[in-house]
Amino acid sequence: MSVSPRTPLFLFLISFSSHVGLSRYIEDNEASEGVQSLHSLEQKREAEDFIFRRPLRCLDMLATEGQFKFVAPRPQLACAAFLIAEPSEVISLELSDVHINCGAGDFIKVFDGWVLKGEKFPSSQDHPLPLRQRYTDYCSSTPLGASTRSSQNVAMVFFRIHGPDSGFTLTVRKLHNPFPCNIMSQSPEGSFTMVMPHQHRNCSFSIIYPVEIQLTELSLGQARSNELSPQRQVWSGCAGSGDYVELLGGNGVDTSKLFPVADLCFSLSGLAQMKIGCDNSVVRLVSSGRYVNRVSFQYRLLERSELPKTRENSLENFCTVE
């Protein structure tokens, strides 16, 4: 059986989480089961209502709709569930059967996006809400049965539970998003089109793999020239235009901290391609709100032979561009 594209993504999250202590409470067999659950074809559905159900783990990744029940076998002090949907979907979350002691330090918090190694996706520059409004705290503000909806195709649940046998049930639903913005790709290969209709907003498509990106179509408010130039040569012009596309690379998820690879502030109908040998490769569409902007692109995973050799004390250790 082939391995799901989400399996390396889950392993990436485990690696990231090890830096912030989330994996301290996960036994080896639990982590192994978490990976297997992503691509198993034998998981059961309830015949009477067709709602998928399974236990929720202290560190988990959820890519399907359903109900996920967590029961603490012992104190669980640093847990997180990463949720991801298709690029054209957002995620609805609902808590029920909650049995925790908020007064004793237990909590359940939903975050509109992902937090990895202290960095947030989408970044504060790209998300439409202030940072404090992206957190929903069950213990302070959320009535039981109320649902929380993400702004993009990823969301996250943090929880801490001290008492054994305490827990909660998380119901996950996916909803169609007509204008996807700020997307985390589940796969290292694919194609996508981002459209921003008369909105002053920035949208990123993040691929947590080293990839080759081909821009197949770019329609912006004002055409200028017809060439792909390095970021350092055209930054002032494109940034000043208010409508442009930039390619970013780096080893984190906060797009505001990534290395600027190139930018384009002109419309094109041919191919422009670039290899980004980074842990995270990003296509970012910046829109002034004056126009309808559109960018289409394809991406593929770089072969091992295409990856650069590492150099000591250099940015090329994690990110190279061709």
# chains A, B, ... in the order shown; residues from 1 in each chain; ligands from 1
>>> residues_around(residues="segment 177-181 of chain A", least_positions_apart="4", cutoff="7 Å", atoms="only C-alpha atoms", output="list in words")
Pro87, Ser88, Glu89, Val90, Gln152, Met194, Val195, Cys203 and Ser204 of chain A
>>> write_last_selection(atoms="N, CA and C atoms", output="PDB file, in the first residue's frame")
ATOM      1  N   PRO A  87      -7.293  22.517  -0.166  1.00  0.00           N
ATOM      2  CA  PRO A  87      -7.049  23.955  -0.340  1.00  0.00           C
ATOM      3  C   PRO A  87      -8.318  24.788  -0.462  1.00  0.00           C
ATOM      4  N   SER A  88      -9.369  24.239  -1.056  1.00  0.00           N
ATOM      5  CA  SER A  88     -10.603  24.997  -1.274  1.00  0.00           C
ATOM      6  C   SER A  88     -11.611  24.799  -0.150  1.00  0.00           C
ATOM      7  N   GLU A  89     -11.151  24.414   1.038  1.00  0.00           N
ATOM      8  CA  GLU A  89     -12.037  24.188   2.172  1.00  0.00           C
ATOM      9  C   GLU A  89     -11.554  24.956   3.397  1.00  0.00           C
ATOM     10  N   VAL A  90     -12.510  25.249   4.288  1.00  0.00           N
ATOM     11  CA  VAL A  90     -12.194  25.721   5.633  1.00  0.00           C
ATOM     12  C   VAL A  90     -12.721  24.691   6.617  1.00  0.00           C
ATOM     13  N   GLN A 152      -8.876  29.525   6.826  1.00  0.00           N
ATOM     14  CA  GLN A 152      -8.131  28.867   5.765  1.00  0.00           C
ATOM     15  C   GLN A 152      -8.223  27.350   5.984  1.00  0.00           C
ATOM     16  N   MET A 194      -4.835  30.931  -7.348  1.00  0.00           N
ATOM     17  CA  MET A 194      -5.313  31.866  -6.331  1.00  0.00           C
ATOM     18  C   MET A 194      -5.916  33.080  -7.020  1.00  0.00           C
ATOM     19  N   VAL A 195      -7.100  33.466  -6.564  1.00  0.00           N
ATOM     20  CA  VAL A 195      -7.807  34.621  -7.111  1.00  0.00           C
ATOM     21  C   VAL A 195      -8.162  35.559  -5.968  1.00  0.00           C
ATOM     22  N   CYS A 203      -2.324  36.698   0.178  1.00  0.00           N
ATOM     23  CA  CYS A 203      -2.622  35.267   0.230  1.00  0.00           C
ATOM     24  C   CYS A 203      -1.363  34.471  -0.074  1.00  0.00           C
ATOM     25  N   SER A 204      -1.118  33.448   0.731  1.00  0.00           N
ATOM     26  CA  SER A 204       0.055  32.603   0.547  1.00  0.00           C
ATOM     27  C   SER A 204      -0.358  31.159   0.307  1.00  0.00           C
TER      28      SER A 204
END
>>> residues_around(residues="segment 245-248 of chain A", least_positions_apart="2", cutoff="7 Å", atoms="only C-alpha atoms", output="PDB file with N, CA and C atoms, in the first residue's frame")
ATOM      1  N   LEU A 258      10.441  34.529   5.928  1.00  0.00           N
ATOM      2  CA  LEU A 258      11.071  33.717   4.894  1.00  0.00           C
ATOM      3  C   LEU A 258      11.963  34.571   3.995  1.00  0.00           C
ATOM      4  N   PHE A 259      12.863  33.897   3.291  1.00  0.00           N
ATOM      5  CA  PHE A 259      13.803  34.554   2.394  1.00  0.00           C
ATOM      6  C   PHE A 259      13.116  34.905   1.076  1.00  0.00           C
ATOM      7  N   PRO A 260      13.142  36.171   0.647  1.00  0.00           N
ATOM      8  CA  PRO A 260      12.529  36.547  -0.630  1.00  0.00           C
ATOM      9  C   PRO A 260      13.372  36.061  -1.807  1.00  0.00           C
ATOM     10  N   VAL A 261      12.779  35.226  -2.639  1.00  0.00           N
ATOM     11  CA  VAL A 261      13.479  34.611  -3.761  1.00  0.00           C
ATOM     12  C   VAL A 261      13.331  35.446  -5.036  1.00  0.00           C
ATOM     13  N   ALA A 262      12.100  35.780  -5.388  1.00  0.00           N
ATOM     14  CA  ALA A 262      11.836  36.582  -6.592  1.00  0.00           C
ATOM     15  C   ALA A 262      10.466  37.199  -6.471  1.00  0.00           C
ATOM     16  N   ASP A 263      10.213  38.264  -7.211  1.00  0.00           N
ATOM     17  CA  ASP A 263       8.869  38.820  -7.274  1.00  0.00           C
ATOM     18  C   ASP A 263       8.547  39.235  -8.695  1.00  0.00           C
ATOM     19  N   LEU A 264       7.255  39.289  -8.976  1.00  0.00           N
ATOM     20  CA  LEU A 264       6.763  39.609 -10.312  1.00  0.00           C
ATOM     21  C   LEU A 264       5.619  40.601 -10.171  1.00  0.00           C
ATOM     22  N   CYS A 265       5.721  41.714 -10.877  1.00  0.00           N
ATOM     23  CA  CYS A 265       4.644  42.698 -10.843  1.00  0.00           C
ATOM     24  C   CYS A 265       4.184  43.004 -12.257  1.00  0.00           C
ATOM     25  N   SER A 281       8.402  26.246   0.776  1.00  0.00           N
ATOM     26  CA  SER A 281       8.389  27.032  -0.458  1.00  0.00           C
ATOM     27  C   SER A 281       7.011  27.681  -0.590  1.00  0.00           C
ATOM     28  N   VAL A 282       6.976  28.977  -0.893  1.00  0.00           N
ATOM     29  CA  VAL A 282       5.724  29.732  -0.820  1.00  0.00           C
ATOM     30  C   VAL A 282       5.514  30.584  -2.070  1.00  0.00           C
ATOM     31  N   VAL A 283       4.271  30.560  -2.570  1.00  0.00           N
ATOM     32  CA  VAL A 283       3.809  31.518  -3.571  1.00  0.00           C
ATOM     33  C   VAL A 283       2.886  32.493  -2.846  1.00  0.00           C
ATOM     34  N   ARG A 284       3.199  33.782  -2.890  1.00  0.00           N
ATOM     35  CA  ARG A 284       2.434  34.785  -2.124  1.00  0.00           C
ATOM     36  C   ARG A 284       1.909  35.860  -3.069  1.00  0.00           C
ATOM     37  N   LEU A 285       0.599  36.054  -3.027  1.00  0.00           N
ATOM     38  CA  LEU A 285      -0.079  37.046  -3.858  1.00  0.00           C
ATOM     39  C   LEU A 285      -0.439  38.256  -2.994  1.00  0.00           C
ATOM     40  N   VAL A 286       0.103  39.394  -3.343  1.00  0.00           N
ATOM     41  CA  VAL A 286      -0.164  40.647  -2.636  1.00  0.00           C
ATOM     42  C   VAL A 286      -1.113  41.487  -3.474  1.00  0.00           C
TER      43      VAL A 286
END
>>> atom_distance(atom1="atom CA of Val157 of chain A", atom2="atom CA of Ile91 of chain A")
11.9 Å
>>> residues_around(residues="His200 of chain A", least_positions_apart="3", cutoff="7 Å", atoms="only C-alpha atoms", output="PyMOL selection string")
chain A and resi 287-289
>>> residues_around(residues="segment 103-110 of chain A", least_positions_apart="3", cutoff="6 Å", atoms="only C-alpha atoms", output="mmCIF file with C-alpha atoms, in the first residue's frame")
data_model
loop_
_atom_site.group_PDB
_atom_site.id
_atom_site.type_symbol
_atom_site.label_atom_id
_atom_site.label_comp_id
_atom_site.auth_asym_id
_atom_site.auth_seq_id
_atom_site.Cartn_x
_atom_site.Cartn_y
_atom_site.Cartn_z
ATOM 1 C CA TYR A 135 -7.536 32.159 19.669
ATOM 2 C CA THR A 136 -10.765 30.704 21.048
ATOM 3 C CA ASP A 137 -10.516 29.602 24.691
ATOM 4 C CA TYR A 138 -13.108 27.080 25.862
ATOM 5 C CA MET A 156 -5.091 23.793 15.528
ATOM 6 C CA VAL A 157 -6.336 22.704 18.955
ATOM 7 C CA PHE A 158 -4.128 23.036 22.054
ATOM 8 C CA PHE A 159 -5.155 21.275 25.228
ATOM 9 C CA ARG A 160 -3.862 20.506 28.726
ATOM 10 C CA ILE A 161 -5.629 18.051 31.002
#
>>> atom_distance(atom1="atom CA of Pro164 of chain A", atom2="atom CA of Glu65 of chain A")
26.7 Å
>>> closest_residue(among="A:Leu93, A:Asn182, A:Ser206, A:Asn280", to="Pro128 of chain A", atoms="only C-alpha atoms")
A:Asn182
>>> residues_around(residues="Phe121 of chain A", least_positions_apart="4", cutoff="9 Å", atoms="only C-alpha atoms", output="list in words")
Asp112, Gly113, Trp114, Val115, Leu116, Asp126, His127, Val154, Asn182, Met184, Val253, Asp254 and Thr255 of chain A
>>> residues_around(residues="Ser219 of chain A", least_positions_apart="2", cutoff="8 Å", atoms="only C-alpha atoms", output="ChimeraX atom specification")
/A:217,221,266-268,293-295
>>> select_by_dssp(residues="segment 82-255 of chain A", states="helix (DSSP H, G or I)", output="PyMOL selection string")
chain A and resi 102-104+131-134+231-241+255
>>> write_last_selection(atoms="all heavy atoms", output="CSV table (one decimal), in the first residue's frame")
chain,number,residue,atom,x,y,z
A,102,CYS,N,-11.1,23.7,34.5
A,102,CYS,CA,-10.5,24.9,34.1
A,102,CYS,C,-9.8,25.5,35.3
A,102,CYS,O,-8.7,26.1,35.2
A,102,CYS,CB,-11.5,25.9,33.5
A,102,CYS,SG,-12.2,25.3,31.9
A,103,GLY,N,-10.4,25.4,36.5
A,103,GLY,CA,-9.9,26.0,37.7
A,103,GLY,C,-8.5,25.4,38.1
A,103,GLY,O,-7.7,26.0,38.9
A,104,ALA,N,-8.3,24.1,37.7
A,104,ALA,CA,-7.1,23.4,38.1
A,104,ALA,C,-6.0,23.6,37.0
A,104,ALA,O,-4.9,22.9,37.1
A,104,ALA,CB,-7.4,21.9,38.3
A,131,LEU,N,-4.1,38.9,16.0
A,131,LEU,CA,-3.7,37.7,16.6
A,131,LEU,C,-4.5,37.2,17.8
A,131,LEU,O,-4.9,36.1,17.9
A,131,LEU,CB,-2.2,37.8,17.1
A,131,LEU,CG,-1.6,36.6,17.7
A,131,LEU,CD1,-1.6,35.4,16.7
A,131,LEU,CD2,-0.1,36.9,18.1
A,132,ARG,N,-4.9,38.1,18.7
A,132,ARG,CA,-5.7,37.7,19.9
A,132,ARG,C,-7.1,37.2,19.5
A,132,ARG,O,-7.6,36.4,20.2
A,132,ARG,CB,-5.9,38.9,20.8
A,132,ARG,CG,-6.5,40.1,20.2
A,132,ARG,CD,-6.6,41.3,21.1
A,132,ARG,NE,-7.2,42.5,20.5
A,132,ARG,CZ,-8.5,42.7,20.4
A,132,ARG,NH1,-9.4,41.7,20.8
A,132,ARG,NH2,-9.0,43.8,19.8
A,133,GLN,N,-7.6,37.6,18.3
A,133,GLN,CA,-8.9,37.1,17.9
A,133,GLN,C,-8.8,35.8,17.2
A,133,GLN,O,-9.8,35.2,16.9
A,133,GLN,CB,-9.6,38.1,17.0
A,133,GLN,CG,-10.0,39.4,17.7
A,133,GLN,CD,-10.7,40.4,16.7
A,133,GLN,OE1,-11.3,40.0,15.7
A,133,GLN,NE2,-10.7,41.7,17.1
A,134,ARG,N,-7.6,35.3,17.0
A,134,ARG,CA,-7.5,34.0,16.3
A,134,ARG,C,-7.5,32.8,17.3
A,134,ARG,O,-7.6,31.7,16.9
A,134,ARG,CB,-6.1,34.0,15.5
A,134,ARG,CG,-6.1,35.0,14.4
A,134,ARG,CD,-4.8,35.1,13.8
A,134,ARG,NE,-4.3,33.9,13.1
A,134,ARG,CZ,-3.1,33.8,12.5
A,134,ARG,NH1,-2.3,34.8,12.5
A,134,ARG,NH2,-2.8,32.6,12.0
A,231,GLN,N,14.8,38.9,-6.6
A,231,GLN,CA,14.1,39.8,-5.7
A,231,GLN,C,14.9,41.1,-5.4
A,231,GLN,O,14.4,42.2,-5.4
A,231,GLN,CB,13.9,39.1,-4.3
A,231,GLN,CG,13.4,40.0,-3.2
A,231,GLN,CD,11.9,40.2,-3.3
A,231,GLN,OE1,11.2,39.4,-3.9
A,231,GLN,NE2,11.5,41.3,-2.7
A,232,ARG,N,16.2,41.0,-5.2
A,232,ARG,CA,17.0,42.1,-4.9
A,232,ARG,C,17.0,43.2,-6.0
A,232,ARG,O,17.3,44.4,-5.7
A,232,ARG,CB,18.4,41.7,-4.6
A,232,ARG,CG,19.2,41.1,-5.7
A,232,ARG,CD,20.6,40.6,-5.3
A,232,ARG,NE,21.3,40.0,-6.4
A,232,ARG,CZ,21.2,38.7,-6.7
A,232,ARG,NH1,20.4,37.9,-6.0
A,232,ARG,NH2,21.8,38.2,-7.7
A,233,GLN,N,16.7,42.8,-7.2
A,233,GLN,CA,16.8,43.8,-8.3
A,233,GLN,C,15.5,44.5,-8.5
A,233,GLN,O,15.5,45.6,-9.0
A,233,GLN,CB,17.2,43.1,-9.6
A,233,GLN,CG,18.6,42.5,-9.6
A,233,GLN,CD,18.9,41.8,-10.9
A,233,GLN,OE1,18.2,41.9,-11.9
A,233,GLN,NE2,20.0,41.0,-10.9
A,234,VAL,N,14.3,43.9,-8.2
A,234,VAL,CA,13.1,44.6,-8.5
A,234,VAL,C,12.2,44.8,-7.3
A,234,VAL,O,11.0,45.1,-7.4
A,234,VAL,CB,12.3,43.7,-9.5
A,234,VAL,CG1,13.1,43.6,-10.8
A,234,VAL,CG2,12.0,42.3,-9.0
A,235,TRP,N,12.7,44.6,-6.1
A,235,TRP,CA,11.9,44.7,-4.9
A,235,TRP,C,11.2,46.0,-4.8
A,235,TRP,O,10.0,46.1,-4.5
A,235,TRP,CB,12.8,44.4,-3.7
A,235,TRP,CG,12.1,44.8,-2.4
A,235,TRP,CD1,12.4,45.9,-1.6
A,235,TRP,CD2,11.0,44.1,-1.8
A,235,TRP,NE1,11.6,45.9,-0.5
A,235,TRP,CE2,10.7,44.9,-0.6
A,235,TRP,CE3,10.3,43.0,-2.1
A,235,TRP,CZ2,9.7,44.5,0.3
A,235,TRP,CZ3,9.3,42.6,-1.2
A,235,TRP,CH2,9.0,43.3,-0.1
A,236,SER,N,11.9,47.1,-5.0
A,236,SER,CA,11.3,48.4,-4.8
A,236,SER,C,10.2,48.7,-5.7
A,236,SER,O,9.1,49.2,-5.4
A,236,SER,CB,12.4,49.5,-4.9
A,236,SER,OG,13.0,49.5,-6.2
A,237,GLY,N,10.4,48.3,-7.0
A,237,GLY,CA,9.3,48.5,-8.0
A,237,GLY,C,8.1,47.7,-7.7
A,237,GLY,O,7.0,48.2,-7.8
A,238,CYS,N,8.2,46.4,-7.4
A,238,CYS,CA,7.1,45.5,-7.2
A,238,CYS,C,6.4,45.9,-5.9
A,238,CYS,O,5.1,45.9,-5.9
A,238,CYS,CB,7.5,44.1,-7.2
A,238,CYS,SG,7.8,43.4,-8.9
A,239,ALA,N,7.1,46.1,-4.8
A,239,ALA,CA,6.5,46.5,-3.6
A,239,ALA,C,5.7,47.8,-3.7
A,239,ALA,O,4.6,47.9,-3.1
A,239,ALA,CB,7.5,46.6,-2.5
A,240,GLY,N,6.2,48.7,-4.5
A,240,GLY,CA,5.5,49.9,-4.7
A,240,GLY,C,4.3,49.8,-5.5
A,240,GLY,O,3.4,50.7,-5.5
A,241,SER,N,4.2,48.8,-6.4
A,241,SER,CA,3.0,48.6,-7.2
A,241,SER,C,1.8,48.3,-6.5
A,241,SER,O,0.7,48.6,-6.9
A,241,SER,CB,3.3,47.5,-8.3
A,241,SER,OG,3.3,46.3,-7.7
A,255,THR,N,5.5,33.5,6.9
A,255,THR,CA,6.0,34.0,5.6
A,255,THR,C,6.7,35.3,5.7
A,255,THR,O,7.5,35.6,4.9
A,255,THR,CB,4.8,34.1,4.6
A,255,THR,OG1,3.7,35.0,5.3
A,255,THR,CG2,4.2,32.8,4.3
>>> atom_distance(atom1="atom CA of Asp60 of chain A", atom2="atom CA of Pro75 of chain A")
16.7 Å
>>> select_by_dssp(residues="segment 163-207 of chain A", states="strand (DSSP E)", output="number ranges by chain")
A: 167-176, 183-184, 190-197, 202-207
>>> closest_residue(among="A:Asn153, A:Ser187, A:Gln199, A:Ser296", to="Gln214 of chain A", atoms="only C-alpha atoms")
A:Ser296
>>> decode(residues="segment 101-117 of chain A", atoms="N, CA and C atoms", output="short mmCIF file (atom, residue, chain, number, x, y, z; two decimals), in the first residue's frame")
data_model
loop_
_atom_site.label_atom_id
_atom_site.label_comp_id
_atom_site.auth_asym_id
_atom_site.auth_seq_id
_atom_site.Cartn_x
_atom_site.Cartn_y
_atom_site.Cartn_z
N ASN A 101 -11.18 20.49 34.14
CA ASN A 101 -11.23 21.37 35.30
C ASN A 101 -10.44 22.63 34.98
N CYS A 102 -11.15 23.66 34.49
CA CYS A 102 -10.48 24.90 34.12
C CYS A 102 -9.81 25.55 35.33
N GLY A 103 -10.42 25.41 36.50
CA GLY A 103 -9.85 26.00 37.70
C GLY A 103 -8.55 25.37 38.14
N ALA A 104 -8.31 24.13 37.71
CA ALA A 104 -7.08 23.42 38.06
C ALA A 104 -5.99 23.58 37.01
N GLY A 105 -6.23 24.41 36.02
CA GLY A 105 -5.21 24.63 35.00
C GLY A 105 -5.46 23.92 33.69
N ASP A 106 -6.55 23.16 33.59
CA ASP A 106 -6.88 22.53 32.31
C ASP A 106 -7.32 23.60 31.31
N PHE A 107 -7.10 23.34 30.04
CA PHE A 107 -7.62 24.26 29.02
C PHE A 107 -7.75 23.55 27.69
N ILE A 108 -8.62 24.12 26.84
CA ILE A 108 -8.74 23.73 25.43
C ILE A 108 -8.81 25.03 24.64
N LYS A 109 -7.87 25.21 23.71
CA LYS A 109 -7.83 26.43 22.91
C LYS A 109 -7.77 26.06 21.43
N VAL A 110 -8.56 26.75 20.64
CA VAL A 110 -8.55 26.58 19.19
C VAL A 110 -7.83 27.77 18.58
N PHE A 111 -6.93 27.49 17.65
CA PHE A 111 -6.19 28.56 16.97
C PHE A 111 -6.53 28.54 15.49
N ASP A 112 -6.79 29.72 14.95
CA ASP A 112 -7.13 29.88 13.54
C ASP A 112 -5.84 29.90 12.72
N GLY A 113 -5.33 28.70 12.42
CA GLY A 113 -4.06 28.55 11.73
C GLY A 113 -3.23 27.47 12.41
N TRP A 114 -1.93 27.50 12.17
CA TRP A 114 -0.99 26.58 12.81
C TRP A 114 0.07 27.38 13.55
N VAL A 115 0.55 26.81 14.66
CA VAL A 115 1.71 27.34 15.38
C VAL A 115 2.77 26.26 15.41
N LEU A 116 3.94 26.55 14.85
CA LEU A 116 5.03 25.59 14.80
C LEU A 116 6.32 26.28 15.20
N LYS A 117 6.95 25.76 16.24
CA LYS A 117 8.24 26.30 16.70
C LYS A 117 8.14 27.80 16.96
#
